[in-house]
Structures are given as structure tokens and as C-alpha cells.
Amino acid sequence: MMNKMKCVLALLCCFAFSSLSALAHHSFAAQYDRSKPVTLKGTVTKMEWMNPHIYFHIDVKDADVVVNWAIEGGAPSMLYRNGWRIDSLKVGDEVTVDGWLAKDGTNLANMRTATLANGKTVFGASSGGDTR
Amino acid sequence: MKRGVGICAIYAVFLFMMLPVNAASQTSMRKDPRDLSGTWRNQYTPNLADALGKQPPFTAYGAERWRTVDTSKDPTGICLPPGPSRVFTSPFPFMLVQQDNVIGLLFEYQTLWRAVYMDGRAHPPDILDYPEFMGHSVGRWEGNTLVIDTVAINERTWLDTAGHEHSPKLHLIERIRKVSDDKLEWTATFDDPVFFARPWSITRTFTRFDDKTDRIMPYTCNENNRDVEHLKPNQPNLDFKYEPDKQ
């Protein structure tokens with residue numbers, strides 16, 4: 001029981017820490033609109049595991065039109081420490097991204113969660129938790 | 001042949017004897033209250049007012065700067081260094097390397113460093129003419145507390161992500177004290193008569209970071225800073241009211 005408790009506490013700490021990883025190098029609200037949540041379902045076309053934040057790209061099919069979206073996540077080192085790796089999300093993976101739209105109206109979103117077709121969530125809460 | 005075996009045996013005994021001594025000396029080093037060396041995890045604080053419990057005591061000028069700050073202009077958004085205190089409130093670990101005459105602070109965030117001169121020197125007399133993004137630091141011991149005195153902090157740096165700014169007159173005093181083998185207490189005092197009516201301080205805790213299973217990683221900010229082209233003007237404090245009597 002105690003071990004389970006510890007495990008749950010560790011997971012909660014991990015989640016809390018990762019959710020605070022955030023856009024440490026500038027304000028969230030200068031780039032994204034918290035009042036515009038978005039869900040995007042698509043196929044991964046590219047992974048950029050680079051600083052200051054990872055980006056991956058997905059093809060989203062809407063009717064017969066395919067639109068490529070850029071998705072921003074957390075800093076690579078923070079993600080690595082939380083157990084994620086460069087291949088946690090691979091080109092060709094089907095993924096559903098919950099996040100927030102960019103203020104400038106481009107096809108860019110900040111990721112809150114990314115969920116694979118098998119239900120597994122990756123890069124959990126890595127970027128959208130900053131304060132402002 | 002026998003001689004070789006004998007030498008090997010003596011060497012093995014020597015190694016065996018040395019191991020516990022090394023382990024013991026490392027433990028005693030860690031227990032030394034003036035040994036701050038190691039790798040440490042910061043306490044991420046994107047808004048210093050959260051640590052202070054209220055807004056800092058602004059001057060009228062400082063209050064107006066806070067009211068109108070545009071967070072899309074954050075200098076770190078274009079990968080400029082965060083400054084000597086903000087780097088300690090970022091969500092990235094740092095390594096402290098300690099010698100008697102200098103202490104090196106090696107930060108994961110933006111792969112930055114600070115040198116704290118401990119040899120009794122003063123700040124260079126012309127340092128204010130040549131400000132540095134991470135400032136110029138000299139240190140001393142007061143009891144078991146390391147006191148770091150930093151000046152000439154480039155005014156382009158911000159104190160936090162929220163947008164607290166400072167002038168070239170900012171005088172930063174940091175006090176670092178070991179409160180246990182695995183925790184450091186860091187108190188930063190901001191003395192800037194242009195932005196603040198009086199000095200104010202925040203205290204944060206650094207926790208020892210397991211550098212056997214983890215490591216300081218690269219953070220090369222310009223590697224792929226796509227964010228910069230998407231930043232839009234953002235002034236979140238326009239409703240702020242300056243009430244000098246209440247601060």
C-alpha cells in the first residue's frame with residue numbers, strides 16, 4: 001500500500017514538474033491563446049527534437065484537404081528527464097493532440113497532451129502550463 | 001612471476017583500503033557546510049511576485065514599466081541570456097564547481113556560466129561601462145553563508161518570465177546556505193532605486209540533483225527557436241494600479 005502511495009505521489013510530482021516545464025524562455029500568452037483550445041488528429045510527418053522546445057508536424061485531413069500543422073512541446077532535456085525519448089513519437093504515428101492555437105492564426109498549436117492510436121499519452125503536459 | 005603476483009596483491013589491498021576512505025571523505029565533504037559543490041535542481045519561478053507573495057515595492061517609474069510591459073519582448077524569447085538571478089529560477093539544473101578562489105556556476109539553461117570571484121577582489125572600476133548579461137560577481141563567506149555581490153547586469157535582462165524589469169543600477173545580493181546535505185537555500189535581494197522603492201528579497205530552495213543517473217544537458221537556444229516569428233504583442237498588466245502606500 002505504502003509503495004503504491006509512493007508511486008502515485010511520484011507520478012503526481014512528475015506530472016506537476018513536467019506541467020511547469022513550460023515555455024521558460026518567454027510568456028505562453030505572447031504566443032498562444034488560452035481561450036482557443038484545439039484538438040487535432042493526424043499523422044506525424046516530422047520530429048524536431050531540438051531546443052528551446054521540441055516541435056513535431058502532423059498532417060491533418062479535413063474532408064479531402066490535408067493540412068500540415070506544427071505542434072510545440074517542452075524543452076528536450078525536461079522531456080528526457082520525464083522519460084520521453086526522441087522516438088516516443090515516430091513519423092507515421094497516428095496522434096491526437098489537445099492544445100491551444102497560436103495567436104497569429106498560423107497552423108501552429110501548443111501541445112497539452114498527445115495521444116497515440118493505442119491510447120498511450122506521450123510528452124504529457126510538457127509545455128502549456130506556464131503562468132501567463 | 002611470484003614478485004608480480006605479490007605486487008598485484010599489495011596493490012589490491014591498497015585499493016581496498018582506499019575505497020572506504022574515499023567514500024568517507026566524500027561524505028564528510030558533503031557534510032561540510034561550506035561545501036556547496038554538486039549539481040542542483042532549481043525551483044522554477046516564472047513570476048517573482050508569487051515567491052514574494054505580492055508585487056515588489058515599485059517606484060512610480062517601475063510601476064509604469066510593469067503596467068505596460070509587453071511579454072512578447074522578453075529578451076530570452078530571442079535567446080538573449082536570462083541574467084544572473086533568473087537563471088536560478090528557470091526549470092533547469094546547474095552545477096556548482098567550487099575552489100577557494102573562485103566558484104563556477106554552470107547552467108543547463110542556455111549553456112551559461114557565472115564566475116564568482118572569492119579572492120577578495122573588488123568589481124572592476126569600469127565595469128558599469130561594460131555591463132554583462134550575467135553581471136559581474138564577487139563573493140565572500142559570512143559564517144557558513146556564501147554571499148554573492150553582483151553588479152553591471154545588462155538592463156536588457158528581465159528578472160522573470162512575467163516581465164519584471166530592472167535598470168543598470170540593479171545591485172543583486174545572493175545568499176546561499178546549505179540547510180541539509182541535499183538542500184541549498186538561496187535568497188536573492190534586488191536593490192534597484194530606479195525600479196524599486198526599497199530592496200526586496202525572495203527565497204528559493206535548490207535540491208541536489210542525482211548526477212549519476214541524470215546529467216546536465218545541452219540547451220542551445222538558437223538551435224530551432226521557431227517561437228520568435230509567432231510572438232504577438234501581449235500586455236497582461238494594463239489594469240495594474242500603483243498604490244505606493246500599500247506596498
# chains A, B, ... in the order shown; residues from 1 in each chain; ligands from 1
call {"tool": "select_by_dssp", "arguments": {"residues": "segment 166-244 of chain B", "states": "strand (DSSP E)", "output": "count of residues only"}}
result
28
call {"tool": "interface_residues", "arguments": {"of": "chain A", "to": "chain B", "cutoff": "6 Å", "atoms": "only C-alpha atoms", "output": "number ranges by chain"}}
result
A: 25-27, 30-31, 51-52
call {"tool": "atom_distance", "arguments": {"atom1": "atom CA of Glu64 of chain B", "atom2": "atom CA of Pro199 of chain B"}}
result
18.1 Å
call {"tool": "residues_around", "arguments": {"residues": "Gly62 of chain B", "least_positions_apart": "6", "cutoff": "10 Å", "atoms": "only C-alpha atoms", "output": "ChimeraX atom specification"}}
result
/B:56,164-167,192-197,242
call {"tool": "residues_around", "arguments": {"residues": "Lys41 of chain A", "least_positions_apart": "6", "cutoff": "10 Å", "atoms": "only C-alpha atoms", "output": "MDAnalysis selection string"}}
result
chainID A and resid 58:62 94:98 114:117
call {"tool": "write_last_selection", "arguments": {"atoms": "N, CA and C atoms", "output": "short mmCIF file (atom, residue, chain, number, x, y, z; two decimals), in the first residue's frame"}}
result
data_model
loop_
_atom_site.label_atom_id
_atom_site.label_comp_id
_atom_site.auth_asym_id
_atom_site.auth_seq_id
_atom_site.Cartn_x
_atom_site.Cartn_y
_atom_site.Cartn_z
N ILE A 58 2.28 17.38 -38.06
CA ILE A 58 1.30 16.34 -38.38
C ILE A 58 0.47 16.77 -39.58
N ASP A 59 0.13 15.78 -40.40
CA ASP A 59 -0.82 16.01 -41.49
C ASP A 59 -2.23 15.77 -40.97
N VAL A 60 -3.05 16.79 -41.04
CA VAL A 60 -4.43 16.68 -40.56
C VAL A 60 -5.35 16.70 -41.78
N LYS A 61 -6.17 15.64 -41.89
CA LYS A 61 -7.06 15.55 -43.04
C LYS A 61 -8.42 16.13 -42.66
N ASP A 62 -8.87 17.10 -43.45
CA ASP A 62 -10.18 17.71 -43.21
C ASP A 62 -10.93 17.66 -44.54
N GLU A 94 -0.10 7.73 -35.80
CA GLU A 94 -1.36 8.48 -35.74
C GLU A 94 -1.45 9.08 -34.34
N VAL A 95 -1.76 10.36 -34.28
CA VAL A 95 -1.74 11.02 -32.97
C VAL A 95 -2.88 12.04 -32.88
N THR A 96 -3.43 12.15 -31.67
CA THR A 96 -4.42 13.19 -31.40
C THR A 96 -3.80 14.19 -30.42
N VAL A 97 -3.78 15.43 -30.82
CA VAL A 97 -3.15 16.48 -29.99
C VAL A 97 -4.23 17.38 -29.42
N ASP A 98 -4.20 17.54 -28.09
CA ASP A 98 -5.03 18.55 -27.45
C ASP A 98 -4.12 19.70 -27.05
N ALA A 114 -0.58 14.64 -26.14
CA ALA A 114 -0.57 13.97 -27.44
C ALA A 114 -0.88 12.50 -27.17
N THR A 115 -1.91 11.98 -27.84
CA THR A 115 -2.36 10.61 -27.56
C THR A 115 -2.23 9.76 -28.82
N LEU A 116 -1.54 8.62 -28.67
CA LEU A 116 -1.37 7.72 -29.80
C LEU A 116 -2.64 6.92 -30.04
N ALA A 117 -2.69 6.22 -31.19
CA ALA A 117 -3.88 5.46 -31.55
C ALA A 117 -4.20 4.38 -30.52
#
call {"tool": "closest_residue", "arguments": {"among": "A:Lys103, A:His53, A:Lys46, A:Arg34", "to": "Pro76 of chain A", "atoms": "only C-alpha atoms"}}
result
A:His53
call {"tool": "select_by_dssp", "arguments": {"residues": "segment 20-225 of chain B", "states": "helix (DSSP H, G or I)", "output": "MDAnalysis selection string"}}
result
chainID B and resid 20:31 48:52 60:68 71:73 75:78 86:89 109:111 127:129 221:223
call {"tool": "atom_distance", "arguments": {"atom1": "atom CA of Val91 of chain A", "atom2": "atom CA of Thr43 of chain A"}}
result
7.5 Å
call {"tool": "closest_residue", "arguments": {"among": "A:Met111, A:Ile54, A:Leu89, A:Val65", "to": "Ser77 of chain A", "atoms": "only C-alpha atoms"}}
result
A:Ile54
call {"tool": "decode", "arguments": {"residues": "segment 69-115 of chain A", "atoms": "N, CA and C atoms", "output": "mmCIF file, in the first residue's frame"}}
result
data_model
loop_
_atom_site.group_PDB
_atom_site.id
_atom_site.type_symbol
_atom_site.label_atom_id
_atom_site.label_comp_id
_atom_site.auth_asym_id
_atom_site.auth_seq_id
_atom_site.Cartn_x
_atom_site.Cartn_y
_atom_site.Cartn_z
ATOM 1 N N TRP A 69 0.248 20.731 -39.757
ATOM 2 C CA TRP A 69 0.283 21.564 -38.554
ATOM 3 C C TRP A 69 1.613 21.369 -37.829
ATOM 4 N N ALA A 70 2.101 22.445 -37.221
ATOM 5 C CA ALA A 70 3.267 22.365 -36.333
ATOM 6 C C ALA A 70 2.756 22.326 -34.897
ATOM 7 N N ILE A 71 3.337 21.437 -34.114
ATOM 8 C CA ILE A 71 2.933 21.285 -32.714
ATOM 9 C C ILE A 71 4.165 21.519 -31.837
ATOM 10 N N GLU A 72 4.021 22.430 -30.878
ATOM 11 C CA GLU A 72 5.152 22.723 -29.996
ATOM 12 C C GLU A 72 4.996 21.993 -28.672
ATOM 13 N N GLY A 73 6.114 21.438 -28.188
ATOM 14 C CA GLY A 73 6.126 20.768 -26.888
ATOM 15 C C GLY A 73 7.124 21.425 -25.955
ATOM 16 N N GLY A 74 7.615 20.675 -24.992
ATOM 17 C CA GLY A 74 8.533 21.212 -23.986
ATOM 18 C C GLY A 74 9.985 21.159 -24.425
ATOM 19 N N ALA A 75 10.870 21.533 -23.504
ATOM 20 C CA ALA A 75 12.306 21.502 -23.779
ATOM 21 C C ALA A 75 12.781 20.042 -23.806
ATOM 22 N N PRO A 76 13.707 19.719 -24.728
ATOM 23 C CA PRO A 76 14.152 18.322 -24.836
ATOM 24 C C PRO A 76 14.677 17.748 -23.514
ATOM 25 N N SER A 77 15.451 18.532 -22.773
ATOM 26 C CA SER A 77 16.021 17.980 -21.532
ATOM 27 C C SER A 77 14.927 17.674 -20.516
ATOM 28 N N MET A 78 13.914 18.538 -20.451
ATOM 29 C CA MET A 78 12.825 18.307 -19.497
ATOM 30 C C MET A 78 12.037 17.055 -19.887
ATOM 31 N N LEU A 79 11.795 16.925 -21.187
ATOM 32 C CA LEU A 79 11.067 15.744 -21.650
ATOM 33 C C LEU A 79 11.868 14.478 -21.371
ATOM 34 N N TYR A 80 13.173 14.544 -21.630
ATOM 35 C CA TYR A 80 14.033 13.375 -21.411
ATOM 36 C C TYR A 80 13.973 12.942 -19.951
ATOM 37 N N ARG A 81 14.046 13.931 -19.056
ATOM 38 C CA ARG A 81 14.027 13.608 -17.614
ATOM 39 C C ARG A 81 12.695 13.010 -17.183
ATOM 40 N N ASN A 82 11.658 13.317 -17.934
ATOM 41 C CA ASN A 82 10.357 12.743 -17.601
ATOM 42 C C ASN A 82 10.118 11.417 -18.312
ATOM 43 N N GLY A 83 11.172 10.906 -18.953
ATOM 44 C CA GLY A 83 11.084 9.558 -19.525
ATOM 45 C C GLY A 83 10.796 9.499 -21.007
ATOM 46 N N TRP A 84 10.607 10.649 -21.636
ATOM 47 C CA TRP A 84 10.308 10.637 -23.071
ATOM 48 C C TRP A 84 11.592 10.606 -23.874
ATOM 49 N N ARG A 85 11.522 10.014 -25.065
ATOM 50 C CA ARG A 85 12.689 9.894 -25.931
ATOM 51 C C ARG A 85 12.324 10.409 -27.317
ATOM 52 N N ILE A 86 13.382 10.558 -28.126
ATOM 53 C CA ILE A 86 13.189 11.124 -29.464
ATOM 54 C C ILE A 86 12.241 10.255 -30.294
ATOM 55 N N ASP A 87 12.193 8.941 -29.964
ATOM 56 C CA ASP A 87 11.315 8.053 -30.741
ATOM 57 C C ASP A 87 10.019 7.727 -29.997
ATOM 58 N N SER A 88 9.710 8.495 -28.959
ATOM 59 C CA SER A 88 8.421 8.273 -28.283
ATOM 60 C C SER A 88 7.267 8.560 -29.242
ATOM 61 N N LEU A 89 7.555 9.397 -30.216
ATOM 62 C CA LEU A 89 6.584 9.699 -31.275
ATOM 63 C C LEU A 89 7.355 9.598 -32.594
ATOM 64 N N LYS A 90 6.880 8.741 -33.484
ATOM 65 C CA LYS A 90 7.642 8.485 -34.712
ATOM 66 C C LYS A 90 6.869 8.953 -35.947
ATOM 67 N N VAL A 91 7.626 9.253 -36.985
ATOM 68 C CA VAL A 91 6.991 9.592 -38.264
ATOM 69 C C VAL A 91 6.076 8.434 -38.672
ATOM 70 N N GLY A 92 4.853 8.752 -39.027
ATOM 71 C CA GLY A 92 3.870 7.727 -39.408
ATOM 72 C C GLY A 92 2.883 7.415 -38.300
ATOM 73 N N ASP A 93 3.231 7.768 -37.059
ATOM 74 C CA ASP A 93 2.299 7.523 -35.942
ATOM 75 C C ASP A 93 1.025 8.353 -36.124
ATOM 76 N N GLU A 94 -0.096 7.730 -35.795
ATOM 77 C CA GLU A 94 -1.362 8.478 -35.735
ATOM 78 C C GLU A 94 -1.446 9.082 -34.342
ATOM 79 N N VAL A 95 -1.757 10.356 -34.276
ATOM 80 C CA VAL A 95 -1.739 11.020 -32.970
ATOM 81 C C VAL A 95 -2.879 12.037 -32.879
ATOM 82 N N THR A 96 -3.428 12.155 -31.672
ATOM 83 C CA THR A 96 -4.423 13.194 -31.404
ATOM 84 C C THR A 96 -3.804 14.187 -30.424
ATOM 85 N N VAL A 97 -3.779 15.432 -30.816
ATOM 86 C CA VAL A 97 -3.147 16.475 -29.993
ATOM 87 C C VAL A 97 -4.228 17.383 -29.415
ATOM 88 N N ASP A 98 -4.198 17.538 -28.094
ATOM 89 C CA ASP A 98 -5.033 18.552 -27.446
ATOM 90 C C ASP A 98 -4.120 19.701 -27.053
ATOM 91 N N GLY A 99 -4.531 20.914 -27.383
ATOM 92 C CA GLY A 99 -3.662 22.049 -27.051
ATOM 93 C C GLY A 99 -4.361 23.365 -27.276
ATOM 94 N N TRP A 100 -3.549 24.360 -27.559
ATOM 95 C CA TRP A 100 -4.085 25.709 -27.765
ATOM 96 C C TRP A 100 -3.532 26.284 -29.069
ATOM 97 N N LEU A 101 -4.361 27.082 -29.733
ATOM 98 C CA LEU A 101 -3.958 27.665 -31.010
ATOM 99 C C LEU A 101 -2.996 28.831 -30.828
ATOM 100 N N ALA A 102 -2.154 29.034 -31.839
ATOM 101 C CA ALA A 102 -1.268 30.198 -31.841
ATOM 102 C C ALA A 102 -2.095 31.454 -32.082
ATOM 103 N N LYS A 103 -1.644 32.536 -31.484
ATOM 104 C CA LYS A 103 -2.366 33.801 -31.626
ATOM 105 C C LYS A 103 -2.304 34.356 -33.041
ATOM 106 N N ASP A 104 -1.237 34.018 -33.772
ATOM 107 C CA ASP A 104 -1.064 34.645 -35.083
ATOM 108 C C ASP A 104 -1.863 33.957 -36.191
ATOM 109 N N GLY A 105 -2.649 32.950 -35.834
ATOM 110 C CA GLY A 105 -3.535 32.330 -36.812
ATOM 111 C C GLY A 105 -2.860 31.347 -37.753
ATOM 112 N N THR A 106 -1.589 31.051 -37.536
ATOM 113 C CA THR A 106 -0.909 30.064 -38.375
ATOM 114 C C THR A 106 -1.287 28.655 -37.898
ATOM 115 N N ASN A 107 -0.912 27.669 -38.686
ATOM 116 C CA ASN A 107 -1.217 26.276 -38.320
ATOM 117 C C ASN A 107 -0.212 25.783 -37.288
ATOM 118 N N LEU A 108 -0.327 26.366 -36.120
ATOM 119 C CA LEU A 108 0.592 26.062 -35.019
ATOM 120 C C LEU A 108 -0.229 25.925 -33.746
ATOM 121 N N ALA A 109 0.089 24.915 -32.952
ATOM 122 C CA ALA A 109 -0.587 24.735 -31.667
ATOM 123 C C ALA A 109 0.439 24.346 -30.612
ATOM 124 N N ASN A 110 0.142 24.718 -29.369
ATOM 125 C CA ASN A 110 0.957 24.278 -28.250
ATOM 126 C C ASN A 110 0.287 23.051 -27.637
ATOM 127 N N MET A 111 1.070 22.012 -27.453
ATOM 128 C CA MET A 111 0.516 20.736 -27.021
ATOM 129 C C MET A 111 0.257 20.700 -25.518
ATOM 130 N N ARG A 112 -0.934 20.253 -25.149
ATOM 131 C CA ARG A 112 -1.196 19.903 -23.752
ATOM 132 C C ARG A 112 -0.969 18.406 -23.580
ATOM 133 N N THR A 113 -1.606 17.630 -24.455
ATOM 134 C CA THR A 113 -1.346 16.186 -24.473
ATOM 135 C C THR A 113 -1.306 15.713 -25.920
ATOM 136 N N ALA A 114 -0.582 14.642 -26.142
ATOM 137 C CA ALA A 114 -0.568 13.967 -27.444
ATOM 138 C C ALA A 114 -0.877 12.498 -27.174
ATOM 139 N N THR A 115 -1.915 11.980 -27.836
ATOM 140 C CA THR A 115 -2.358 10.606 -27.557
ATOM 141 C C THR A 115 -2.231 9.760 -28.821
#
